[in-house]
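Enquirer: Take a look at query-v5.txt, compact mmCIF, C-alpha atoms and all ligand atoms:
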# COMPACT_ATOMS: atom_id res chain seq x y z
CA MET A 21 -118.44 -37.11 -5.68
CA LYS A 22 -120.91 -34.30 -6.28
CA ASP A 23 -123.68 -36.32 -4.59
CA GLU A 24 -121.42 -36.99 -1.69
CA VAL A 25 -120.73 -33.27 -1.38
CA LEU A 26 -124.46 -32.52 -1.42
CA ALA A 27 -125.18 -35.25 1.10
CA GLN A 28 -122.53 -33.91 3.43
CA LEU A 29 -123.77 -30.37 3.05
CA ASN A 30 -127.28 -31.56 3.79
CA ASP A 31 -126.05 -32.75 7.12
CA LEU A 32 -124.95 -29.28 8.01
CA LYS A 33 -127.94 -27.14 8.73
CA ILE A 34 -127.27 -23.82 10.29
CA GLY A 35 -130.10 -21.59 11.29
CA LYS A 36 -133.83 -22.12 11.52
CA ASP A 37 -135.09 -21.29 8.11
CA THR A 38 -132.13 -22.07 5.93
CA SER A 39 -131.65 -25.13 3.79
CA ILE A 40 -129.23 -25.81 1.01
CA THR A 41 -131.04 -28.69 -0.65
CA SER A 42 -134.10 -27.25 -2.24
CA ASN A 43 -133.98 -24.65 -4.99
CA SER A 44 -137.52 -23.45 -4.35
CA HIS A 45 -136.79 -23.16 -0.68
CA ASN A 46 -133.67 -21.20 -1.53
CA GLU A 47 -135.70 -18.98 -3.79
CA ASN A 48 -138.11 -18.24 -0.94
CA SER A 49 -135.25 -17.63 1.44
CA ARG A 50 -133.70 -15.26 -1.03
CA LYS A 51 -136.95 -13.37 -1.46
CA LYS A 52 -137.37 -13.12 2.29
CA GLU A 53 -133.77 -12.02 2.63
CA SER A 54 -133.95 -9.42 -0.07
CA HIS A 55 -137.18 -8.12 1.50
CA ALA A 56 -135.45 -7.91 4.88
CA LYS A 57 -132.42 -6.39 3.21
CA ALA A 58 -134.48 -3.62 1.67
CA LYS A 59 -135.14 -2.42 5.20
CA GLU A 60 -131.53 -2.71 6.29
CA PRO A 61 -128.81 -0.28 5.34
CA SER A 62 -126.52 -2.09 2.89
CA ASN A 63 -123.42 -1.34 4.89
CA GLN A 64 -123.53 -0.21 8.50
CA LEU A 65 -119.79 -0.47 9.00
CA LYS A 66 -118.07 2.83 9.46
CA ASN A 67 -114.55 1.82 8.47
CA GLY A 68 -113.64 1.24 4.86
CA LEU A 69 -110.70 -0.39 3.10
CA LEU A 70 -108.38 2.44 4.07
CA GLY A 71 -107.38 2.87 7.70
CA TRP A 72 -105.60 0.89 10.40
CA TYR A 73 -103.96 -2.39 9.43
CA ALA A 74 -101.84 -4.65 11.61
CA VAL A 75 -99.02 -5.20 9.13
CA CYS A 76 -96.43 -7.14 11.00
CA SER A 77 -95.39 -8.58 14.26
CA LYS A 78 -92.82 -6.85 16.43
CA ARG A 79 -90.61 -9.93 16.41
CA GLU A 80 -90.24 -9.63 12.62
CA LEU A 81 -88.29 -6.38 12.84
CA LYS A 82 -84.54 -6.66 12.96
CA GLU A 83 -82.44 -3.88 14.29
CA ASP A 84 -80.51 -2.05 11.57
CA THR A 85 -82.43 -3.69 8.73
CA PRO A 86 -85.32 -2.00 6.93
CA TYR A 87 -88.45 -4.18 6.84
CA CYS A 88 -90.11 -4.00 3.42
CA LEU A 89 -93.65 -4.74 2.38
CA THR A 90 -96.22 -3.42 -0.04
CA MET A 91 -99.74 -2.22 0.71
CA PHE A 92 -102.13 -2.05 -2.23
CA ASN A 93 -99.06 -2.15 -4.55
CA GLU A 94 -97.36 0.75 -2.79
CA PRO A 95 -93.85 -0.15 -1.57
CA LEU A 96 -93.21 0.69 2.08
CA VAL A 97 -90.41 0.30 4.53
CA ILE A 98 -90.60 0.11 8.31
CA TYR A 99 -87.68 0.77 10.65
CA ARG A 100 -86.86 2.02 14.11
CA ASP A 101 -85.44 5.52 14.50
CA LYS A 102 -82.92 6.84 17.05
CA GLU A 103 -85.54 7.13 19.78
CA SER A 104 -86.77 3.58 19.00
CA ASN A 105 -89.96 4.94 17.48
CA LEU A 106 -91.29 3.04 14.50
CA ARG A 107 -91.35 4.74 11.14
CA CYS A 108 -93.15 3.68 8.01
CA VAL A 109 -91.99 5.44 4.85
CA LYS A 110 -92.72 5.10 1.20
CA ASP A 111 -89.95 2.86 -0.12
CA LEU A 112 -88.64 5.36 -2.60
CA CYS A 113 -85.40 7.25 -2.32
CA PRO A 114 -85.98 10.81 -3.52
CA HIS A 115 -82.54 10.97 -5.13
CA ARG A 116 -83.04 8.60 -8.04
CA GLY A 117 -85.98 6.42 -7.01
CA ALA A 118 -84.22 3.36 -5.61
CA SER A 119 -85.77 1.16 -2.96
CA PHE A 120 -84.33 0.88 0.55
CA ILE A 121 -84.27 -2.89 0.13
CA GLY A 122 -80.72 -3.88 0.96
CA GLY A 123 -80.15 -0.54 2.70
CA GLU A 124 -79.30 -0.07 6.35
CA VAL A 125 -80.44 1.70 9.45
CA ILE A 126 -77.42 3.46 10.95
CA ASP A 127 -77.86 5.33 14.24
CA GLY A 128 -81.61 5.29 13.66
CA GLU A 129 -81.27 6.83 10.19
CA LEU A 130 -82.44 5.13 7.03
CA VAL A 131 -79.63 4.81 4.48
CA CYS A 132 -80.22 4.25 0.79
CA PRO A 133 -78.15 1.39 -0.67
CA TYR A 134 -77.68 3.13 -4.02
CA HIS A 135 -75.68 6.30 -3.20
CA GLY A 136 -75.86 6.52 0.56
CA ALA A 137 -78.47 9.23 1.16
CA ARG A 138 -79.38 9.19 4.88
CA PHE A 139 -82.69 10.28 6.32
CA SER A 140 -83.71 11.34 9.80
CA SER A 141 -86.93 10.13 11.41
CA ASN A 142 -88.82 13.16 10.13
CA GLY A 143 -87.76 12.23 6.60
CA GLU A 144 -85.13 14.92 6.05
CA CYS A 145 -81.83 14.16 4.39
CA THR A 146 -79.04 14.39 6.97
CA ASN A 147 -75.83 13.98 4.98
CA LEU A 148 -76.07 17.53 3.76
CA ASN A 149 -72.49 17.87 2.52
CA ARG A 150 -72.88 15.06 0.05
CA ILE A 151 -75.33 12.20 -0.21
CA THR A 152 -72.69 10.13 -1.94
CA CYS A 153 -68.94 9.71 -1.90
CA ASN A 154 -67.12 12.88 -0.84
CA HIS A 155 -64.36 12.56 -3.40
CA ILE A 156 -66.71 13.34 -6.27
CA VAL A 157 -66.78 17.09 -6.63
CA ASP A 158 -69.92 18.71 -7.89
CA ASP A 159 -70.01 22.50 -7.85
CA ASN A 160 -73.74 22.49 -8.41
CA TYR A 161 -74.50 20.45 -5.28
CA ASN A 162 -75.59 23.61 -3.42
CA ASN A 163 -78.38 22.77 -1.01
CA TYR A 164 -79.49 19.71 -2.91
CA ALA A 165 -79.88 17.47 0.14
CA SER A 166 -82.07 19.98 1.96
CA LYS A 167 -84.59 19.79 -0.89
CA ILE A 168 -85.27 16.05 -0.76
CA HIS A 169 -87.38 14.24 1.83
CA LEU A 170 -89.25 11.03 2.48
CA TYR A 171 -92.98 10.42 2.62
CA GLN A 172 -94.46 8.67 5.64
CA TYR A 173 -97.48 6.97 7.13
CA ILE A 174 -98.43 6.85 10.80
CA CYS A 175 -97.05 3.69 12.34
CA LYS A 176 -97.74 2.42 15.87
CA GLU A 177 -96.54 -0.45 17.97
CA ILE A 178 -99.16 -1.93 20.30
CA GLY A 179 -99.17 -5.29 22.02
CA ASP A 180 -96.48 -6.87 19.80
CA TYR A 181 -98.32 -5.73 16.68
CA ILE A 182 -97.21 -3.02 14.30
CA TYR A 183 -100.06 -1.01 12.81
CA ILE A 184 -100.05 1.38 9.89
CA TYR A 185 -102.66 4.01 9.24
CA TYR A 186 -102.84 3.43 5.50
CA THR A 187 -104.48 6.12 3.41
CA GLY A 188 -102.72 5.68 0.06
CA ASN A 189 -101.39 9.22 0.46
CA ALA A 190 -98.07 9.30 2.30
CA LYS A 191 -97.06 12.71 3.64
CA THR A 192 -93.87 14.55 4.45
CA SER A 193 -95.18 15.43 7.90
CA LEU A 194 -97.15 13.08 10.13
CA LYS A 195 -98.95 16.12 11.53
CA ASP A 196 -100.77 16.42 8.20
CA PHE A 197 -102.70 13.19 8.74
CA GLU A 198 -106.26 13.42 9.89
CA VAL A 199 -106.99 10.17 11.69
CA THR A 200 -110.70 9.48 11.42
CA ASP A 201 -110.61 5.83 12.41
CA GLN A 202 -110.22 4.54 15.99
CA LEU A 203 -107.51 1.91 16.23
CA GLU A 204 -108.80 0.75 19.63
CA THR A 205 -111.93 -0.80 18.12
CA ARG A 206 -109.72 -3.63 16.76
CA PHE A 207 -108.32 -4.58 20.15
CA VAL A 208 -109.80 -7.66 21.79
CA GLU A 209 -109.45 -5.84 25.11
CA SER A 210 -112.18 -3.46 23.94
CA TYR A 211 -114.74 -6.23 24.28
CA GLY A 212 -113.72 -7.90 27.46
CA PHE A 213 -110.53 -9.91 26.97
CA ASP A 214 -107.55 -9.57 29.23
CA ILE A 215 -104.85 -10.56 26.80
CA SER A 216 -102.27 -10.89 29.58
CA ASP A 217 -104.12 -14.07 30.66
CA TYR A 218 -103.11 -15.77 27.42
CA ALA A 219 -100.00 -17.16 25.77
CA TYR A 220 -99.82 -17.15 21.99
CA GLU A 221 -98.20 -18.71 18.95
CA GLU A 222 -97.96 -16.94 15.62
CA VAL A 223 -97.59 -17.89 12.00
CA ILE A 224 -97.29 -15.56 9.00
CA VAL A 225 -98.24 -16.76 5.56
CA ASP A 226 -98.16 -15.12 2.14
CA PHE A 227 -100.75 -16.10 -0.42
CA LYS A 228 -100.63 -15.44 -4.12
CA CYS A 229 -104.32 -14.76 -4.30
CA ASP A 230 -106.93 -12.09 -3.85
CA TRP A 231 -106.87 -10.45 -0.41
CA ALA A 232 -110.66 -10.23 -0.24
CA ARG A 233 -111.07 -14.00 -0.80
CA ILE A 234 -108.86 -14.84 2.18
CA VAL A 235 -110.88 -12.62 4.48
CA GLU A 236 -113.99 -14.31 3.10
CA ASN A 237 -112.45 -17.70 3.87
CA HIS A 238 -111.75 -16.73 7.46
CA ILE A 239 -115.28 -15.58 8.19
CA ASP A 240 -116.79 -18.59 6.43
CA ILE A 241 -117.90 -21.26 8.87
CA LEU A 242 -119.22 -23.71 6.26
CA HIS A 243 -115.86 -24.72 4.82
CA LEU A 244 -114.40 -25.52 8.26
CA PHE A 245 -116.16 -28.88 8.41
CA TRP A 246 -115.53 -29.74 4.81
CA VAL A 247 -111.99 -28.47 4.11
CA HIS A 248 -110.38 -28.59 7.56
CA GLY A 249 -112.42 -31.43 9.10
CA GLU A 250 -109.42 -33.69 9.47
CA THR A 251 -106.96 -31.04 10.60
CA ILE A 252 -108.70 -28.87 13.19
CA PRO A 253 -108.66 -30.73 16.51
CA ASP A 254 -112.34 -30.34 17.40
CA ASN A 255 -114.72 -33.31 17.36
CA ASP A 256 -117.52 -31.24 15.87
CA VAL A 257 -115.32 -29.94 13.05
CA ASN A 258 -115.70 -33.04 10.95
CA ARG A 259 -117.46 -33.56 7.65
CA LYS A 260 -118.99 -36.79 8.89
CA VAL A 261 -120.52 -35.40 12.08
CA ILE A 262 -124.05 -34.06 11.81
CA THR A 263 -124.41 -30.93 13.87
CA SER A 264 -126.98 -28.18 13.56
CA PHE A 265 -126.45 -24.63 14.64
CA ASN A 266 -128.43 -21.49 15.06
CA GLN A 267 -126.80 -18.41 13.65
CA GLU A 268 -127.08 -14.94 15.21
CA ILE A 269 -125.62 -12.09 13.19
CA THR A 270 -125.22 -8.50 14.25
CA ARG A 271 -123.86 -5.56 12.36
CA GLU A 272 -122.55 -2.59 14.28
CA LYS A 273 -120.55 0.39 13.19
CA ASN A 274 -117.20 -1.30 13.86
CA GLN A 275 -117.88 -4.97 13.29
CA ILE A 276 -119.95 -7.77 11.89
CA GLU A 277 -120.34 -10.60 14.36
CA SER A 278 -121.80 -14.02 13.88
CA LYS A 279 -122.46 -16.40 16.77
CA TYR A 280 -123.10 -20.08 16.12
CA LYS A 281 -124.93 -21.98 18.83
CA TYR A 282 -125.75 -25.69 19.01
CA LYS A 283 -129.42 -26.34 18.37
CA ASP A 284 -129.47 -29.43 20.50
CA LYS A 285 -127.12 -28.56 23.36
CA GLY A 286 -129.17 -25.94 25.14
CA ASN A 287 -128.01 -23.23 22.79
CA LYS A 288 -124.39 -23.64 23.92
CA GLU A 289 -122.01 -21.61 21.82
CA PHE A 290 -119.92 -23.42 19.22
CA ILE A 291 -117.97 -20.46 17.92
CA ARG A 292 -118.22 -16.76 17.21
CA ILE A 293 -116.57 -14.85 14.43
CA LYS A 294 -115.99 -11.11 14.29
CA PHE A 295 -114.97 -9.15 11.26
CA LEU A 296 -113.34 -5.86 12.24
CA PRO A 297 -112.71 -3.93 9.04
CA PRO A 298 -110.59 -3.48 7.17
CA GLY A 299 -108.34 -6.44 7.88
CA ARG A 300 -108.95 -8.18 11.20
CA VAL A 301 -110.93 -11.33 11.96
CA VAL A 302 -111.31 -12.58 15.53
CA ILE A 303 -112.58 -16.05 16.37
CA TYR A 304 -113.36 -17.37 19.84
CA LYS A 305 -115.87 -19.34 21.82
CA GLY A 306 -118.29 -18.09 24.44
CA ASP A 307 -118.06 -15.19 26.78
CA PRO A 308 -114.70 -13.35 26.66
CA SER A 309 -114.21 -13.92 30.39
CA ASP A 310 -114.19 -17.70 29.99
CA SER A 311 -113.08 -18.27 26.41
CA ARG A 312 -110.05 -20.57 26.54
CA TYR A 313 -108.73 -19.39 23.22
CA ILE A 314 -108.85 -16.48 20.78
CA GLN A 315 -107.65 -16.55 17.24
CA ILE A 316 -106.70 -13.24 15.66
CA LEU A 317 -106.14 -13.12 11.93
CA ASP A 318 -104.83 -10.00 10.22
CA HIS A 319 -105.01 -9.70 6.45
CA ILE A 320 -102.59 -7.41 4.64
CA PRO A 321 -103.27 -6.50 0.99
CA LEU A 322 -99.71 -6.59 -0.34
CA SER A 323 -100.46 -6.13 -4.01
CA ASN A 324 -102.70 -7.42 -6.78
CA ASN A 325 -103.44 -10.99 -5.82
CA GLN A 326 -100.77 -11.10 -3.16
CA ALA A 327 -101.81 -11.02 0.47
CA ARG A 328 -100.26 -11.75 3.84
CA VAL A 329 -101.99 -13.26 6.84
CA ILE A 330 -100.72 -13.00 10.39
CA VAL A 331 -102.46 -15.56 12.56
CA ARG A 332 -102.12 -15.63 16.31
CA HIS A 333 -103.61 -18.29 18.46
CA TYR A 334 -103.99 -17.12 22.06
CA ARG A 335 -104.67 -19.74 24.74
CA LYS A 336 -105.32 -19.90 28.45
CA PHE A 337 -103.96 -23.43 28.69
CA MET A 338 -100.38 -24.67 28.12
CA LYS A 339 -98.93 -21.39 29.23
CA ASN A 340 -95.86 -22.75 30.93
CA LYS A 341 -92.93 -22.13 28.59
CA PHE A 342 -90.85 -25.07 29.83
CA ILE A 343 -93.68 -27.57 29.41
CA THR A 344 -94.70 -26.25 25.99
CA GLU A 345 -91.08 -26.46 24.89
CA LEU A 346 -90.76 -29.98 26.25
CA LEU A 347 -93.88 -31.16 24.47
CA LEU A 348 -92.93 -29.34 21.25
CA PHE A 349 -96.29 -27.64 21.46
CA LYS A 350 -95.27 -24.60 19.43
CA LYS A 351 -93.88 -26.60 16.54
CA LEU A 352 -96.84 -28.96 16.50
CA GLN A 353 -99.23 -26.04 16.48
CA HIS A 354 -97.33 -24.40 13.63
CA ARG A 355 -97.73 -27.60 11.64
CA VAL A 356 -101.49 -27.39 12.12
CA PHE A 357 -101.51 -23.75 10.98
CA TYR A 358 -99.46 -24.48 7.89
CA LYS A 359 -101.64 -27.45 7.02
CA VAL A 360 -104.85 -25.43 7.42
CA PHE A 361 -103.47 -22.70 5.16
CA ALA A 362 -102.31 -25.21 2.58
CA GLU A 363 -105.81 -26.72 2.56
CA ASP A 364 -107.30 -23.32 1.77
CA TYR A 365 -104.65 -22.24 -0.68
CA MET A 366 -105.65 -24.17 -3.77
CA ILE A 367 -109.28 -23.10 -3.38
CA LEU A 368 -108.29 -19.48 -2.89
CA ARG A 369 -106.17 -19.54 -6.01
CA THR A 370 -108.92 -21.00 -8.13
CA GLN A 371 -111.40 -18.46 -6.74
CA THR A 372 -108.91 -15.70 -7.53
CA TYR A 373 -108.59 -16.92 -11.10
CA ASN A 374 -112.35 -17.12 -11.55
CA ASN A 375 -112.70 -13.65 -10.12
CA GLN A 376 -109.92 -12.26 -12.36
CA MET A 377 -111.65 -13.74 -15.37
CA GLY A 378 -114.87 -12.01 -14.39
CA PHE A 379 -116.74 -15.30 -13.93
CA VAL A 380 -117.66 -14.60 -10.32
CA GLU A 381 -119.66 -11.53 -11.28
CA LYS A 382 -120.88 -12.78 -14.63
CA ASP A 383 -122.28 -16.06 -13.45
CA ASN A 384 -123.94 -14.34 -10.53
CA ILE A 385 -122.71 -16.33 -7.58
CA LYS A 386 -125.62 -17.37 -5.41
CA LEU A 387 -125.04 -17.42 -1.70
CA LEU A 388 -126.80 -19.67 0.79
CA GLY A 389 -128.80 -18.49 3.75
CA GLU A 390 -125.92 -19.80 5.87
CA ASP A 391 -123.62 -17.40 4.01
CA LYS A 392 -125.23 -14.35 5.55
CA MET A 393 -122.03 -13.17 7.20
CA VAL A 394 -120.21 -13.59 3.89
CA GLN A 395 -122.97 -11.60 2.21
CA TYR A 396 -122.64 -8.79 4.75
CA TYR A 397 -118.89 -8.82 4.26
CA TRP A 398 -119.25 -8.44 0.49
CA ASP A 399 -121.79 -5.63 1.02
CA TRP A 400 -119.11 -3.85 3.02
CA PHE A 401 -116.31 -4.69 0.59
CA LYS A 402 -118.17 -3.50 -2.48
CA SER A 403 -119.32 -0.24 -0.98
CA SER A 404 -115.85 0.42 0.50
CA ASN A 405 -114.23 -0.42 -2.78
CA ILE A 406 -116.40 2.12 -4.56
CA LYS A 407 -115.72 4.75 -1.89
CA ASP A 408 -111.99 4.19 -1.22
CA ASN A 409 -110.99 2.23 -4.31
CA PRO A 410 -107.50 1.53 -2.94
CA TRP A 411 -106.51 -0.75 -5.82
CA GLU A 412 -106.76 2.15 -8.21
CA LEU A 413 -104.37 4.35 -6.22
CA PHE A 414 -101.30 2.52 -7.53
CA PRO A 415 -102.36 0.34 -10.43
CA THR A 416 -99.68 -1.95 -11.82
CA ASN A 417 -99.03 -2.70 -15.47
CA THR A 418 -98.71 -6.29 -16.55
CA ASP A 419 -95.10 -5.61 -17.50
CA THR A 420 -94.24 -4.01 -14.17
CA ASN A 421 -91.07 -5.42 -12.69
CA THR A 422 -92.23 -7.19 -9.57
CA VAL A 423 -88.92 -7.36 -7.70
CA HIS A 424 -90.37 -5.51 -4.76
CA GLN A 425 -93.39 -7.78 -4.56
CA ASP A 426 -91.20 -10.85 -4.83
CA ILE A 427 -89.08 -9.63 -1.96
CA ALA A 428 -92.18 -8.69 -0.02
CA MET A 429 -93.46 -12.26 -0.38
CA LEU A 430 -91.55 -13.68 2.53
CA TYR A 431 -93.53 -16.58 3.89
CA PRO A 432 -95.02 -19.92 2.89
CA PRO A 433 -96.82 -21.37 1.07
CA ALA A 434 -95.43 -19.22 -1.77
CA ASN A 435 -92.05 -19.81 -0.19
CA ASN A 436 -92.28 -22.85 2.06
CA THR A 437 -88.92 -22.50 3.77
CA ARG A 438 -90.57 -22.01 7.13
CA VAL A 439 -92.67 -25.14 6.77
CA LYS A 440 -89.51 -27.12 6.04
CA GLU A 441 -87.60 -25.45 8.87
CA ASN A 442 -90.42 -26.19 11.28
CA SER A 443 -90.63 -29.84 10.20
CA ARG A 444 -86.87 -30.30 10.36
CA SER A 445 -86.55 -28.84 13.84
CA LEU A 446 -89.56 -30.90 14.96
CA PHE A 447 -87.85 -34.05 13.72
CA ILE A 448 -84.53 -33.16 15.39
CA ASN A 449 -86.26 -32.33 18.67
CA ILE A 450 -88.18 -35.59 18.70
CA LEU A 451 -84.96 -37.47 17.99
CA ILE A 452 -83.19 -35.69 20.86
CA ARG A 453 -86.04 -36.50 23.23
CA ILE A 454 -85.77 -40.17 22.34
CA LEU A 455 -81.97 -40.40 22.29
CA ILE A 456 -81.25 -38.60 25.60
CA PRO A 457 -83.17 -41.10 27.84
CA ILE A 458 -81.71 -44.00 25.87
CA GLY A 459 -78.22 -42.51 26.33
CA PHE A 460 -78.83 -42.22 30.08
CA LEU A 461 -79.97 -45.82 30.25
CA VAL A 462 -76.90 -47.00 28.37
CA VAL A 463 -74.61 -45.05 30.72
CA LEU A 464 -76.38 -46.45 33.80
CA ILE A 465 -76.19 -50.02 32.53
S1 LIG B 1 -81.15 6.63 -5.21
FE1 LIG B 1 -80.89 6.75 -3.10
S2 LIG B 1 -79.09 7.79 -2.79
FE2 LIG B 1 -79.30 7.68 -4.91
FE FE B 2 -109.94 -22.10 5.84
Please express what this file holds, its structure, as structure tokens.
Ligand code: FES
Ligand SMILES: [Fe+2]
Expert:
Amino acid sequence: MKDEVLAQLNDLKIGKDTSITSNSHNENSRKKESHAKAKEPSNQLKNGLLGWYAVCSKRELKEDTPYCLTMFNEPLVIYRDKESNLRCVKDLCPHRGASFIGGEVIDGELVCPYHGARFSSNGECTNLNRITCNHIVDDNYNNYASKIHLYQYICKEIGDYIYIYYTGNAKTSLKDFEVTDQLETRFVESYGFDISDYAYEEVIVDFKCDWARIVENHIDILHLFWVHGETIPDNDVNRKVITSFNQEITREKNQIESKYKYKDKGNKEFIRIKFLPPGRVVIYKGDPSDSRYIQILDHIPLSNNQARVIVRHYRKFMKNKFITELLLFKKLQHRVFYKVFAEDYMILRTQTYNNQMGFVEKDNIKLLGEDKMVQYYWDWFKSSNIKDNPWELFPTNTDTNTVHQDIAMLYPPANNTRVKENSRSLFINILIRILIPIGFLVVLI
């Protein structure tokens, strides 16, 4: 099996002076790389692990129901206020520390499920007479309600995405935030796409594994052929097909980009991958003006070894809603997404375990020349982690009750309800499409 793996990897040669077969060659490549690296700044990316994250899709929000998630272990709740503006508050009621999970949004005000404290969009308590039942008389109530308030983060709604400016330091007034990071640099429009030309499908998946490993997976071209070769519908994405690519990598202040071009097809582009820190990966082919698809993946660090991915697949073809519905295109595409994620999941979990155990550092993982983008990503991650260290802002104890995290884990594969729902409705729809014409025929006869 190991030989087979090596033989298959031998077939995949990306770049001019990279090879994964010879140790001495690797050694030379490494020396050359480290020499080149000495001249390069270790991390040219401006944005660190704190900043703008796309955290959910607009269609996920339900009116009157608080939407809960965690970011770097910190519980948060998103809801829409009276003016339909989005609010993101720390999920902590200042009365006695309950969560707003199970609470309500009434007239645009967030209501705690424990004793009924209500909060306006600026985080002030609004049921000033009593936060709880009026028939309980407390002479000491005084101005209690005017002394409690919520803590917030900046939250924006752009192009069906909901973004949070996450700093790890929620504030009572949004005016106190100093936004140093440009949200616009994450938009595909900023480098030439007109998103209105595309239709899209979306899948959200929760992984019980390290956030950083999933991002690594999504910028890693090598595993595509090996892990997803039988699932991704592209003739060249196949472990048995021998294709060689040249790799061009650029690092700018807002992104790392890697372009892969066929060596033997006149340098035609196979794919390009952009990492837009902290959490976005964009994948497409060719010039933005003629790329038929774009894939946007957003990675949300929920908590220790729990991460969410929102994947959207934008396309210029199959845009007609009636036809896509008729052909069950959406459901079929969701099946592909779920399968691709399931293929990655076991690997990501084992990597997470090895990382948790300290083996990844200790055994000094050695990257290939082809892994240059991955290397650049880890350069960024490590320096950002030292600078921002978001995982230390709200460290969890091993005996911490994880109810909030469990509730925050909404999607497969940790909870594969959606996979089952999708498969069931696919089956029913296929059955209907077969039975209706047969029914017609029977009636006619
Ligand atoms: S804990 Fe929220 S109202 Fe008491
Ligand atoms: Fe993958």
Enquirer: Got a sec to check which residues lie within 8 Å of ligand LIG 1 (chain B), using only C-alpha atoms and all ligand atoms, and send them as an mmCIF file with C-alpha atoms, keeping the file's coordinate frame?
Expert:
data_model
loop_
_atom_site.group_PDB
_atom_site.id
_atom_site.type_symbol
_atom_site.label_atom_id
_atom_site.label_comp_id
_atom_site.auth_asym_id
_atom_site.auth_seq_id
_atom_site.Cartn_x
_atom_site.Cartn_y
_atom_site.Cartn_z
ATOM 1 C CA LEU A 112 -88.640 5.360 -2.600
ATOM 2 C CA CYS A 113 -85.400 7.250 -2.320
ATOM 3 C CA PRO A 114 -85.980 10.810 -3.520
ATOM 4 C CA HIS A 115 -82.540 10.970 -5.130
ATOM 5 C CA ARG A 116 -83.040 8.600 -8.040
ATOM 6 C CA GLY A 117 -85.980 6.420 -7.010
ATOM 7 C CA ALA A 118 -84.220 3.360 -5.610
ATOM 8 C CA SER A 119 -85.770 1.160 -2.960
ATOM 9 C CA PHE A 120 -84.330 0.880 0.550
ATOM 10 C CA VAL A 131 -79.630 4.810 4.480
ATOM 11 C CA CYS A 132 -80.220 4.250 0.790
ATOM 12 C CA PRO A 133 -78.150 1.390 -0.670
ATOM 13 C CA TYR A 134 -77.680 3.130 -4.020
ATOM 14 C CA HIS A 135 -75.680 6.300 -3.200
ATOM 15 C CA GLY A 136 -75.860 6.520 0.560
ATOM 16 C CA ALA A 137 -78.470 9.230 1.160
ATOM 17 C CA ARG A 138 -79.380 9.190 4.880
ATOM 18 C CA ILE A 151 -75.330 12.200 -0.210
ATOM 19 C CA THR A 152 -72.690 10.130 -1.940
#
Enquirer: Could you list, as a list in words, every residue within 9 Å of segment 338-351 of chain A, counting all atoms listed in the file and ignoring same-chain residues fewer than 6 positions away?
Expert: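 In the requested form, the answer reads Tyr218, Ala219, Tyr220, Glu221, Glu222, Asn442, Ser443, Ser445, Leu446, Asn449, Ile450 and Arg453 of chain A.
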Enquirer: Have a look at A:Trp231, A:Tyr358, A:Phe207, A:Tyr171 and name the one nearest to Asn325 of chain A; count all atoms listed in the file.
Expert: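 Closest residue, counting all atoms listed in the file: A:Trp231.
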Enquirer: Provide the atom CA of Val302 of chain A to atom CA of Arg206 of chain A distance in Å, to one decimal place.
Expert: 9.2 Å
Enquirer: Which residues form the shell of 8 Å around ligand FE 2 (chain B) when you count only C-alpha atoms and all ligand atoms, given as a list in words?
Expert: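 Using only C-alpha atoms and all ligand atoms, everything at most 8 Å from ligand FE 2 (chain B) comes to Asn237, His238, Asp240, His243, Leu244, Val247, His248, Val360, Phe361, Glu363 and Asp364 of chain A.
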Enquirer: Just to confirm, what's the straight-line distance from atom CA of Val380 of chain A to atom CA of Gln267 of chain A in Å (one decimal)?
Expert: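 Straight-line distance from atom CA of Val380 of chain A to atom CA of Gln267 of chain A works out to 25.9 Å.
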Enquirer: Find the residue from A:Arg355, A:Lys336, A:Lys294, A:Lys110 that sits nearest to Tyr313 of chain A; use all atoms listed in the file when measuring.
Expert: A:Lys336
Enquirer: For segment 200-207 of chain A of the structure just presented, write N, CA and C atoms to a file, as an mmCIF file, in the first residue's frame.
Expert:
data_model
loop_
_atom_site.group_PDB
_atom_site.id
_atom_site.type_symbol
_atom_site.label_atom_id
_atom_site.label_comp_id
_atom_site.auth_asym_id
_atom_site.auth_seq_id
_atom_site.Cartn_x
_atom_site.Cartn_y
_atom_site.Cartn_z
ATOM 1 N N THR A 200 -9.333 47.964 12.343
ATOM 2 C CA THR A 200 -8.059 48.184 11.644
ATOM 3 C C THR A 200 -7.948 47.309 10.395
ATOM 4 N N ASP A 201 -8.950 46.519 10.154
ATOM 5 C CA ASP A 201 -8.880 45.497 9.121
ATOM 6 C C ASP A 201 -9.991 45.765 8.098
ATOM 7 N N GLN A 202 -9.637 45.809 6.820
ATOM 8 C CA GLN A 202 -10.632 46.101 5.778
ATOM 9 C C GLN A 202 -11.402 44.845 5.398
ATOM 10 N N LEU A 203 -12.691 44.870 5.626
ATOM 11 C CA LEU A 203 -13.530 43.715 5.275
ATOM 12 C C LEU A 203 -13.538 43.474 3.761
ATOM 13 N N GLU A 204 -13.499 44.558 2.996
ATOM 14 C CA GLU A 204 -13.638 44.473 1.538
ATOM 15 C C GLU A 204 -12.587 43.589 0.880
ATOM 16 N N THR A 205 -11.433 43.432 1.528
ATOM 17 C CA THR A 205 -10.372 42.645 0.882
ATOM 18 C C THR A 205 -10.764 41.178 0.754
ATOM 19 N N ARG A 206 -11.793 40.741 1.488
ATOM 20 C CA ARG A 206 -12.262 39.339 1.383
ATOM 21 C C ARG A 206 -13.250 39.147 0.249
ATOM 22 N N PHE A 207 -13.787 40.232 -0.294
ATOM 23 C CA PHE A 207 -14.850 40.069 -1.291
ATOM 24 C C PHE A 207 -14.264 39.691 -2.640
#
